[in-house]
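Coordinates from model27.pdb are shown below (PDB, C-alpha atoms).
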```pdb
ATOM      1  CA  MET I  18      76.645  62.991 104.335
ATOM      2  CA  ALA I  19      78.592  66.005 103.084
ATOM      3  CA  ARG I  20      81.222  67.339 105.414
ATOM      4  CA  SER I  21      80.719  70.929 106.548
ATOM      5  CA  ARG I  22      83.436  73.400 105.695
ATOM      6  CA  ARG I  23      85.188  74.800 108.715
ATOM      7  CA  THR I  24      86.677  78.187 109.301
ATOM      8  CA  ARG I  25      90.064  78.710 110.894
ATOM      9  CA  PRO I  26      90.133  80.823 114.074
ATOM     10  CA  ALA I  27      92.571  83.724 114.161
ATOM     11  CA  ALA I  28      95.937  82.831 115.676
ATOM     12  CA  ASP I  29      97.168  84.348 118.941
ATOM     13  CA  PRO I  30      98.478  87.812 117.991
ATOM     14  CA  GLN I  31     101.542  87.278 120.188
ATOM     15  CA  GLY I  32     103.039  85.471 117.219
ATOM     16  CA  LEU I  33     102.591  88.580 115.112
ATOM     17  CA  LEU I  34     104.006  90.814 117.837
ATOM     18  CA  ASP I  35     107.131  88.681 117.916
ATOM     19  CA  ALA I  36     107.574  89.199 114.156
ATOM     20  CA  LEU I  37     106.991  92.967 114.106
ATOM     21  CA  PRO I  38     109.943  95.401 114.234
ATOM     22  CA  LEU I  39     109.177  96.605 117.773
ATOM     23  CA  ASP I  40     111.137  96.252 120.997
ATOM     24  CA  GLY I  41     109.648  94.473 124.003
ATOM     25  CA  GLY I  42     108.262  97.592 125.624
ATOM     26  CA  GLN I  43     106.692  98.870 122.422
ATOM     27  CA  ALA I  44     105.136  95.487 121.693
ATOM     28  CA  ALA I  45     103.696  95.391 125.212
ATOM     29  CA  ASP I  46     102.271  98.895 124.830
ATOM     30  CA  LEU I  47     100.637  97.899 121.559
ATOM     31  CA  ARG I  48      99.040  94.749 122.934
ATOM     32  CA  GLU I  49      97.918  96.303 126.229
ATOM     33  CA  SER I  50      96.290  99.220 124.394
ATOM     34  CA  GLY I  51      93.845  96.848 122.711
ATOM     35  CA  LEU I  52      94.639  98.532 119.409
ATOM     36  CA  LEU I  53      96.344  95.508 117.879
ATOM     37  CA  ASP I  54      93.214  93.430 118.417
ATOM     38  CA  LEU I  55      91.173  96.191 116.790
ATOM     39  CA  ALA I  56      93.608  96.409 113.869
ATOM     40  CA  LEU I  57      93.164  92.690 113.232
ATOM     41  CA  THR I  58      89.342  92.800 113.238
ATOM     42  CA  HIS I  59      87.919  92.817 109.706
ATOM     43  CA  ARG I  60      84.513  94.324 109.019
ATOM     44  CA  SER I  61      83.157  90.892 108.016
ATOM     45  CA  TYR I  62      83.795  89.698 111.569
ATOM     46  CA  SER I  63      82.048  92.794 112.908
ATOM     47  CA  TYR I  64      78.951  92.127 110.797
ATOM     48  CA  GLU I  65      78.662  88.593 112.195
ATOM     49  CA  ASN I  66      79.389  89.553 115.818
ATOM     50  CA  ASP I  67      76.893  92.238 116.846
ATOM     51  CA  GLY I  68      78.727  95.081 115.156
ATOM     52  CA  VAL I  69      81.885  95.037 117.282
ATOM     53  CA  ALA I  70      84.416  97.696 116.316
ATOM     54  CA  HIS I  71      86.497  96.895 113.224
ATOM     55  CA  ASN I  72      89.722  98.199 111.748
ATOM     56  CA  GLU I  73      88.674 100.593 108.983
ATOM     57  CA  ARG I  74      89.315 103.781 110.993
ATOM     58  CA  LEU I  75      92.782 102.530 111.933
ATOM     59  CA  GLU I  76      93.357 101.665 108.283
ATOM     60  CA  PHE I  77      92.547 105.279 107.367
ATOM     61  CA  LEU I  78      95.073 106.574 109.904
ATOM     62  CA  GLY I  79      97.728 104.027 109.006
ATOM     63  CA  ASP I  80      97.573 104.960 105.328
ATOM     64  CA  ALA I  81      98.477 108.564 106.208
ATOM     65  CA  VAL I  82     101.314 107.492 108.526
ATOM     66  CA  LEU I  83     102.670 105.164 105.832
ATOM     67  CA  GLN I  84     102.491 107.786 103.093
ATOM     68  CA  LEU I  85     104.324 110.429 105.136
ATOM     69  CA  ALA I  86     107.086 108.126 106.366
ATOM     70  CA  VAL I  87     107.786 106.708 102.901
ATOM     71  CA  THR I  88     107.611 110.135 101.245
ATOM     72  CA  GLU I  89     110.140 111.637 103.679
ATOM     73  CA  GLN I  90     112.462 108.663 103.237
ATOM     74  CA  LEU I  91     112.363 108.792  99.434
ATOM     75  CA  TYR I  92     112.874 112.570  99.421
ATOM     76  CA  THR I  93     115.979 112.193 101.583
ATOM     77  CA  ALA I  94     117.400 109.058  99.965
ATOM     78  CA  HIS I  95     117.026 110.235  96.338
ATOM     79  CA  PRO I  96     118.051 113.913  96.218
ATOM     80  CA  SER I  97     118.409 114.021  92.425
ATOM     81  CA  LEU I  98     115.071 112.446  91.466
ATOM     82  CA  PRO I  99     112.358 114.796  90.143
ATOM     83  CA  GLU I 100     108.899 114.854  91.680
ATOM     84  CA  GLY I 101     107.344 112.537  89.097
ATOM     85  CA  ASP I 102     109.919 109.799  89.646
ATOM     86  CA  LEU I 103     109.636 110.112  93.417
ATOM     87  CA  ALA I 104     105.865 109.784  93.091
ATOM     88  CA  ARG I 105     106.219 106.602  91.017
ATOM     89  CA  ARG I 106     108.604 105.040  93.533
ATOM     90  CA  ARG I 107     106.234 105.951  96.345
ATOM     91  CA  ALA I 108     103.245 104.531  94.475
ATOM     92  CA  GLY I 109     105.065 101.239  94.003
ATOM     93  CA  THR I 110     106.163 101.098  97.640
ATOM     94  CA  VAL I 111     102.776 101.830  99.240
ATOM     95  CA  SER I 112     100.553 100.032  96.710
ATOM     96  CA  SER I 113      98.152  97.332  97.827
ATOM     97  CA  ARG I 114     100.276  94.751  96.050
ATOM     98  CA  ALA I 115     103.401  95.895  97.933
ATOM     99  CA  LEU I 116     101.639  95.882 101.290
ATOM    100  CA  ALA I 117     100.266  92.417 100.584
ATOM    101  CA  VAL I 118     103.800  91.176  99.906
ATOM    102  CA  ILE I 119     104.963  92.555 103.263
ATOM    103  CA  ALA I 120     101.910  91.084 105.002
ATOM    104  CA  THR I 121     102.561  87.665 103.494
ATOM    105  CA  ARG I 122     106.116  87.702 104.852
ATOM    106  CA  LEU I 123     104.619  88.307 108.311
ATOM    107  CA  ASP I 124     101.913  85.638 107.815
ATOM    108  CA  LEU I 125      99.522  88.431 108.762
ATOM    109  CA  GLY I 126      96.486  86.635 107.358
ATOM    110  CA  ALA I 127      96.696  84.007 110.084
ATOM    111  CA  TYR I 128      95.979  86.635 112.750
ATOM    112  CA  VAL I 129      93.016  88.441 111.161
ATOM    113  CA  LYS I 130      89.532  87.989 112.646
ATOM    114  CA  LEU I 131      87.270  87.259 109.681
ATOM    115  CA  GLY I 132      83.607  86.479 109.265
ATOM    116  CA  ARG I 133      82.777  82.912 108.286
ATOM    117  CA  GLY I 134      81.916  83.748 104.687
ATOM    118  CA  GLU I 135      85.092  85.750 104.129
ATOM    119  CA  ASP I 136      87.215  83.039 105.719
ATOM    120  CA  LEU I 137      85.667  80.293 103.589
ATOM    121  CA  THR I 138      86.374  82.239 100.386
ATOM    122  CA  GLY I 139      90.091  82.628 101.082
ATOM    123  CA  GLY I 140      90.023  85.964 102.865
ATOM    124  CA  ARG I 141      93.240  85.250 104.748
ATOM    125  CA  SER I 142      95.202  85.390 101.502
ATOM    126  CA  LYS I 143      93.308  88.180  99.693
ATOM    127  CA  ALA I 144      95.686  90.983  98.780
ATOM    128  CA  SER I 145      93.125  93.687  99.591
ATOM    129  CA  ILE I 146      92.510  92.356 103.116
ATOM    130  CA  LEU I 147      96.222  91.879 103.771
ATOM    131  CA  ALA I 148      97.043  95.390 102.567
ATOM    132  CA  ASP I 149      94.238  97.038 104.534
ATOM    133  CA  THR I 150      95.164  95.156 107.695
ATOM    134  CA  THR I 151      98.806  96.175 107.334
ATOM    135  CA  GLU I 152      97.729  99.810 107.250
ATOM    136  CA  ALA I 153      95.516  99.239 110.296
ATOM    137  CA  VAL I 154      98.459  97.764 112.220
ATOM    138  CA  ILE I 155     100.544 100.816 111.295
ATOM    139  CA  GLY I 156      97.758 103.053 112.606
ATOM    140  CA  ALA I 157      97.622 101.036 115.834
ATOM    141  CA  VAL I 158     101.377 101.378 116.365
ATOM    142  CA  HIS I 159     101.116 105.114 115.759
ATOM    143  CA  LEU I 160      98.436 105.579 118.421
ATOM    144  CA  ALA I 161      99.956 103.186 120.957
ATOM    145  CA  CYS I 162     103.623 104.145 120.619
ATOM    146  CA  GLY I 163     103.778 107.629 119.118
ATOM    147  CA  GLN I 164     104.961 109.311 115.940
ATOM    148  CA  ASP I 165     108.699 108.606 116.228
ATOM    149  CA  VAL I 166     108.159 104.909 116.835
ATOM    150  CA  SER I 167     105.570 104.586 114.061
ATOM    151  CA  ARG I 168     107.895 106.237 111.546
ATOM    152  CA  ARG I 169     110.751 103.851 112.408
ATOM    153  CA  PHE I 170     108.262 100.974 112.357
ATOM    154  CA  VAL I 171     107.100 101.825 108.842
ATOM    155  CA  LEU I 172     110.627 102.210 107.480
ATOM    156  CA  GLU I 173     111.754  98.917 108.993
ATOM    157  CA  LEU I 174     108.619  97.151 107.792
ATOM    158  CA  MET I 175     109.020  98.492 104.254
ATOM    159  CA  ARG I 176     112.825  98.127 104.182
ATOM    160  CA  PRO I 177     112.852  95.327 101.567
ATOM    161  CA  LEU I 178     110.934  97.551  99.148
ATOM    162  CA  LEU I 179     112.887 100.705  99.922
ATOM    163  CA  ASP I 180     116.289  99.011  99.604
ATOM    164  CA  SER I 181     115.738  96.612  96.719
ATOM    165  CA  ASP I 182     114.628  97.590  93.226
ATOM    166  CA  GLU I 183     114.112  93.907  92.426
ATOM    167  CA  PHE I 184     111.783  93.532  95.395
ATOM    168  CA  LEU I 185     109.995  96.750  94.476
ATOM    169  CA  GLU I 186     109.420  95.553  90.906
ATOM    170  CA  ALA I 187     107.590  92.496  92.269
ATOM    171  CA  SER I 188     104.886  94.786  93.623
ATOM    172  CA  TYR I 189     104.951  97.410  90.863
ATOM    173  CA  ASP I 190     101.550  98.640  89.655
ATOM    174  CA  PHE I 191     101.999  98.065  85.924
ATOM    175  CA  LYS I 192      98.377  98.818  85.018
ATOM    176  CA  SER I 193      98.537 102.272  86.599
ATOM    177  CA  ARG I 194     101.884 102.991  84.933
ATOM    178  CA  LEU I 195     100.435 101.975  81.583
ATOM    179  CA  GLN I 196      97.525 104.356  82.142
ATOM    180  CA  GLU I 197     100.040 107.151  82.778
ATOM    181  CA  ILE I 198     101.811 106.332  79.522
ATOM    182  CA  ALA I 199      98.513 106.349  77.618
ATOM    183  CA  ALA I 200      97.468 109.641  79.208
ATOM    184  CA  GLU I 201     100.529 111.295  77.647
ATOM    185  CA  THR I 202      98.760 110.970  74.286
ATOM    186  CA  GLY I 203      95.245 111.602  75.577
ATOM    187  CA  THR I 204      94.163 107.989  75.217
ATOM    188  CA  SER I 205      93.664 105.012  77.516
ATOM    189  CA  PRO I 206      94.651 101.334  77.299
ATOM    190  CA  SER I 207      92.072  98.895  75.912
ATOM    191  CA  TYR I 208      92.115  95.198  76.846
ATOM    192  CA  LEU I 209      90.825  92.258  74.791
ATOM    193  CA  ILE I 210      90.397  88.949  76.634
ATOM    194  CA  THR I 211      90.306  85.472  75.097
ATOM    195  CA  GLU I 212      90.262  82.103  76.849
ATOM    196  CA  SER I 213      91.259  78.531  76.080
ATOM    197  CA  GLY I 214      91.456  75.151  77.783
ATOM    198  CA  LEU I 215      89.061  72.994  79.753
ATOM    199  CA  GLU I 216      86.312  74.574  81.875
ATOM    200  CA  HIS I 217      88.099  73.802  85.139
ATOM    201  CA  GLN I 218      91.572  74.625  83.823
ATOM    202  CA  LYS I 219      91.237  77.671  81.600
ATOM    203  CA  THR I 220      94.016  79.945  80.449
ATOM    204  CA  PHE I 221      93.166  83.576  79.753
ATOM    205  CA  THR I 222      95.059  85.763  77.305
ATOM    206  CA  ALA I 223      94.825  89.550  77.430
ATOM    207  CA  THR I 224      95.972  91.836  74.649
ATOM    208  CA  VAL I 225      96.356  95.484  75.595
ATOM    209  CA  THR I 226      96.640  98.284  73.065
ATOM    210  CA  ILE I 227      97.479 101.960  73.204
ATOM    211  CA  PRO I 228      96.977 103.230  69.652
ATOM    212  CA  GLU I 229     100.265 104.088  67.898
ATOM    213  CA  ILE I 230     102.202 103.388  71.101
ATOM    214  CA  VAL I 231     102.196  99.681  71.984
ATOM    215  CA  THR I 232     100.355  96.369  71.738
ATOM    216  CA  ALA I 233     101.291  93.537  74.089
ATOM    217  CA  SER I 234      99.827  90.296  75.372
ATOM    218  CA  GLY I 235     100.007  88.240  78.544
ATOM    219  CA  ASP I 236      98.580  85.000  79.922
ATOM    220  CA  GLY I 237      97.119  84.143  83.315
ATOM    221  CA  ALA I 238      94.892  81.795  85.242
ATOM    222  CA  SER I 239      92.300  84.576  85.565
ATOM    223  CA  LYS I 240      91.278  87.593  83.522
ATOM    224  CA  LYS I 241      92.862  89.892  86.094
ATOM    225  CA  ASP I 242      96.175  88.020  86.034
ATOM    226  CA  ALA I 243      96.206  88.066  82.241
ATOM    227  CA  GLU I 244      95.601  91.834  82.169
ATOM    228  CA  LEU I 245      98.409  92.389  84.673
ATOM    229  CA  ALA I 246     100.780  90.285  82.570
ATOM    230  CA  ALA I 247      99.835  92.187  79.413
ATOM    231  CA  ALA I 248     100.275  95.539  81.157
ATOM    232  CA  GLN I 249     103.680  94.476  82.466
ATOM    233  CA  ASN I 250     104.846  93.475  78.980
ATOM    234  CA  ALA I 251     103.498  96.701  77.502
ATOM    235  CA  VAL I 252     105.170  98.936  80.082
ATOM    236  CA  ARG I 253     108.512  97.199  79.674
ATOM    237  CA  THR I 254     108.261  97.463  75.879
ATOM    238  CA  VAL I 255     107.602 101.214  75.999
ATOM    239  CA  LEU I 256     110.264 101.985  78.602
ATOM    240  CA  ASP I 257     112.873  99.834  76.868
ATOM    241  CA  ALA I 258     112.204 101.709  73.619
ATOM    242  CA  ARG I 259     112.633 105.007  75.460
ATOM    243  CA  GLY I 260     115.741 103.841  77.269
ATOM    244  CA  GLU I 261     114.080 104.496  80.638
ATOM    245  CA  PRO I 262     114.383 102.249  83.702
ATOM    246  CA  LEU I 263     111.245 100.858  85.320
ATOM    247  CA  ILE I 264     112.414 102.006  88.755
ATOM    248  CA  PRO I 265     113.982 105.513  88.588
ATOM    249  CA  ARG I 266     117.302 105.822  90.400
ATOM    250  CA  GLY I 267     118.944 108.839  91.889
TER     251      GLY I 267
END
```
Written as structure tokens, that's how I'd like the structure from this file.
Amino acid sequence: MARSRRTRPAADPQGLLDALPLDGGQAADLRESGLLDLALTHRSYSYENDGVAHNERLEFLGDAVLQLAVTEQLYTAHPSLPEGDLARRRAGTVSSRALAVIATRLDLGAYVKLGRGEDLTGGRSKASILADTTEAVIGAVHLACGQDVSRRFVLELMRPLLDSDEFLEASYDFKSRLQEIAAETGTSPSYLITESGLEHQKTFTATVTIPEIVTASGDGASKKDAELAAAQNAVRTVLDARGEPLIPRG
């Protein structure tokens, strides 16, 4: 008889509290408010449990808190950078990929309440869920502890990205940057996908082209990964030719 697949219950959020950049009193305020539990409740869990409240409203709030804190920090830390370069640094810092990297360092996925279907399909490691939950936690801290604490919380949480260009590059949104480059000439990137290998072990190759600007290729285990690799190679090719750094400094 086939064995049934089992879901993994969410871990005790005390483990997450211990890992967050909050002092003991702030952590207690957050837990006692009930907002941390709400921040960790995904909509898939709500759908399977009589429509209990989920974290999307907190996610909405947390996104705004994150954007403002990071924008103020970049404005202050880089006084010589023009608006466009500041915007690109901000976009890289607050992107879903960046937030997922931070969430993975916290093992945030272990604490999220997920519906059975989402859990069985790897929801605890999905970048979109990790990023959204990170924003929800930021929103919860903001409501439970106040604006000053939430700003310090965001800056401490995002410190690896704010302080390290190498770390920031790991979460850089190459596809969006390539679209910006294409828009300069009134065009858009076009991707061609090919595949090779056995059915259960395929390799995808993406070739991206911006007419008269660049053509580059990249490989990946999925079409999405291949497109990201191609976009990364294309962006680096264009910026190297221009003599421009990927991450503006100043």
Which of these residues is nearest to Tyr64 (chain I), using all atoms listed in the file: I:Asp40, I:Glu89, I:Ala104, I:Leu131?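 Closest residue, counting all atoms listed in the file: I:Leu131.
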I:Arg114, I:His95, I:Arg133, I:Arg107 ranked by distance to Asn66 (chain I), top pick (using only C-alpha atoms): I:Arg133
Local residues around (97.7, 98.4, 78.6), at most 10 Å away, using all atoms listed in the file, as number ranges by chain: I: 191-199, 205-209, 223-227, 231-234, 244-252
Would you work out the distance separating CA of Tyr62 (chain I) from CA of Leu174 (chain I), expressed in Å to one decimal? 26.2 Å
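Taking CA of His159 (chain I) and CA of Leu52 (chain I) as the two end points, the separation is 9.9 Å.
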Mind pulling up the distance from CA of Ser145 (chain I) to CA of Asp236 (chain I)? 22.2 Å
Quick one: of I:Ala243, I:Thr58, I:Lys219, I:Ile230, who's nearest to Thr204 (chain I), counting all atoms listed in the file?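 Using all atoms listed in the file, the shortest distance to Thr204 (chain I) belongs to I:Ile230.
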From the options I:Leu34, I:Ala44, I:Leu256, I:Ala115, which residue's atoms come nearest to Ala161 (chain I), counting all atoms listed in the file?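 Of I:Leu34, I:Ala44, I:Leu256, I:Ala115, the one nearest Ala161 (chain I) is I:Ala44, counting all atoms listed in the file.
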Matched chain/residue IDs from the PyMOL selection byres ((chain I and resi 212) around 9), as number ranges by chain: I: 210-211, 213-214, 219-223, 240
Written as number ranges by chain, what is the full residue list that the PyMOL selection byres ((chain I and resi 33) around 8) yields on the file shown? I: 29-32, 34-37, 123-125, 128
For region 36-47 of chain I, supply all heavy atoms and format the output as a PDB file, in the frame of the given file.
```pdb
ATOM      1  N   ALA I  36     107.013  89.008 115.502  1.00  0.00           N
ATOM      2  CA  ALA I  36     107.574  89.199 114.156  1.00  0.00           C
ATOM      3  C   ALA I  36     107.682  90.669 113.756  1.00  0.00           C
ATOM      4  O   ALA I  36     108.393  90.995 112.810  1.00  0.00           O
ATOM      5  CB  ALA I  36     106.708  88.454 113.138  1.00  0.00           C
ATOM      6  N   LEU I  37     106.981  91.550 114.465  1.00  0.00           N
ATOM      7  CA  LEU I  37     106.991  92.967 114.106  1.00  0.00           C
ATOM      8  C   LEU I  37     108.275  93.654 114.569  1.00  0.00           C
ATOM      9  O   LEU I  37     108.848  93.275 115.598  1.00  0.00           O
ATOM     10  CB  LEU I  37     105.782  93.678 114.728  1.00  0.00           C
ATOM     11  CG  LEU I  37     104.405  93.266 114.215  1.00  0.00           C
ATOM     12  CD1 LEU I  37     103.308  94.008 114.981  1.00  0.00           C
ATOM     13  CD2 LEU I  37     104.279  93.537 112.716  1.00  0.00           C
ATOM     14  N   PRO I  38     108.732  94.672 113.842  1.00  0.00           N
ATOM     15  CA  PRO I  38     109.943  95.401 114.234  1.00  0.00           C
ATOM     16  C   PRO I  38     109.689  96.377 115.385  1.00  0.00           C
ATOM     17  O   PRO I  38     109.722  97.603 115.214  1.00  0.00           O
ATOM     18  CB  PRO I  38     110.334  96.128 112.941  1.00  0.00           C
ATOM     19  CG  PRO I  38     109.061  96.326 112.212  1.00  0.00           C
ATOM     20  CD  PRO I  38     108.222  95.114 112.527  1.00  0.00           C
ATOM     21  N   LEU I  39     109.408  95.828 116.562  1.00  0.00           N
ATOM     22  CA  LEU I  39     109.177  96.605 117.773  1.00  0.00           C
ATOM     23  C   LEU I  39     109.996  95.987 118.892  1.00  0.00           C
ATOM     24  O   LEU I  39     110.198  94.766 118.925  1.00  0.00           O
ATOM     25  CB  LEU I  39     107.694  96.573 118.168  1.00  0.00           C
ATOM     26  CG  LEU I  39     106.684  97.211 117.209  1.00  0.00           C
ATOM     27  CD1 LEU I  39     105.268  96.851 117.642  1.00  0.00           C
ATOM     28  CD2 LEU I  39     106.857  98.732 117.163  1.00  0.00           C
ATOM     29  N   ASP I  40     110.460  96.839 119.848  1.00  0.00           N
ATOM     30  CA  ASP I  40     111.137  96.252 120.997  1.00  0.00           C
ATOM     31  C   ASP I  40     110.095  95.749 121.994  1.00  0.00           C
ATOM     32  O   ASP I  40     108.879  95.936 121.805  1.00  0.00           O
ATOM     33  CB  ASP I  40     112.115  97.248 121.632  1.00  0.00           C
ATOM     34  CG  ASP I  40     111.435  98.469 122.261  1.00  0.00           C
ATOM     35  OD1 ASP I  40     110.278  98.365 122.715  1.00  0.00           O
ATOM     36  OD2 ASP I  40     112.077  99.543 122.306  1.00  0.00           O
ATOM     37  N   GLY I  41     110.568  95.097 123.070  1.00  0.00           N
ATOM     38  CA  GLY I  41     109.648  94.473 124.003  1.00  0.00           C
ATOM     39  C   GLY I  41     108.666  95.430 124.629  1.00  0.00           C
ATOM     40  O   GLY I  41     107.470  95.122 124.754  1.00  0.00           O
ATOM     41  N   GLY I  42     109.147  96.613 125.006  1.00  0.00           N
ATOM     42  CA  GLY I  42     108.262  97.592 125.624  1.00  0.00           C
ATOM     43  C   GLY I  42     107.224  98.120 124.667  1.00  0.00           C
ATOM     44  O   GLY I  42     106.046  98.289 125.026  1.00  0.00           O
ATOM     45  N   GLN I  43     107.628  98.373 123.433  1.00  0.00           N
ATOM     46  CA  GLN I  43     106.692  98.870 122.422  1.00  0.00           C
ATOM     47  C   GLN I  43     105.643  97.813 122.095  1.00  0.00           C
ATOM     48  O   GLN I  43     104.452  98.126 121.949  1.00  0.00           O
ATOM     49  CB  GLN I  43     107.464  99.277 121.165  1.00  0.00           C
ATOM     50  CG  GLN I  43     108.374 100.465 121.377  1.00  0.00           C
ATOM     51  CD  GLN I  43     109.462 100.577 120.318  1.00  0.00           C
ATOM     52  OE1 GLN I  43     109.598  99.713 119.437  1.00  0.00           O
ATOM     53  NE2 GLN I  43     110.248 101.639 120.394  1.00  0.00           N
ATOM     54  N   ALA I  44     106.083  96.571 121.977  1.00  0.00           N
ATOM     55  CA  ALA I  44     105.136  95.487 121.693  1.00  0.00           C
ATOM     56  C   ALA I  44     104.128  95.345 122.829  1.00  0.00           C
ATOM     57  O   ALA I  44     102.929  95.134 122.592  1.00  0.00           O
ATOM     58  CB  ALA I  44     105.896  94.178 121.489  1.00  0.00           C
ATOM     59  N   ALA I  45     104.600  95.488 124.060  1.00  0.00           N
ATOM     60  CA  ALA I  45     103.696  95.391 125.212  1.00  0.00           C
ATOM     61  C   ALA I  45     102.697  96.533 125.202  1.00  0.00           C
ATOM     62  O   ALA I  45     101.501  96.338 125.473  1.00  0.00           O
ATOM     63  CB  ALA I  45     104.502  95.389 126.507  1.00  0.00           C
ATOM     64  N   ASP I  46     103.171  97.737 124.897  1.00  0.00           N
ATOM     65  CA  ASP I  46     102.271  98.895 124.830  1.00  0.00           C
ATOM     66  C   ASP I  46     101.190  98.673 123.777  1.00  0.00           C
ATOM     67  O   ASP I  46     100.009  99.005 124.000  1.00  0.00           O
ATOM     68  CB  ASP I  46     103.062 100.166 124.497  1.00  0.00           C
ATOM     69  CG  ASP I  46     103.914 100.651 125.654  1.00  0.00           C
ATOM     70  OD1 ASP I  46     103.674 100.220 126.796  1.00  0.00           O
ATOM     71  OD2 ASP I  46     104.836 101.464 125.411  1.00  0.00           O
ATOM     72  N   LEU I  47     101.588  98.127 122.647  1.00  0.00           N
ATOM     73  CA  LEU I  47     100.637  97.899 121.559  1.00  0.00           C
ATOM     74  C   LEU I  47      99.579  96.875 121.968  1.00  0.00           C
ATOM     75  O   LEU I  47      98.383  97.100 121.769  1.00  0.00           O
ATOM     76  CB  LEU I  47     101.383  97.417 120.308  1.00  0.00           C
ATOM     77  CG  LEU I  47     100.528  97.077 119.079  1.00  0.00           C
ATOM     78  CD1 LEU I  47      99.695  98.272 118.645  1.00  0.00           C
ATOM     79  CD2 LEU I  47     101.421  96.588 117.930  1.00  0.00           C
TER      80      LEU I  47
END
```
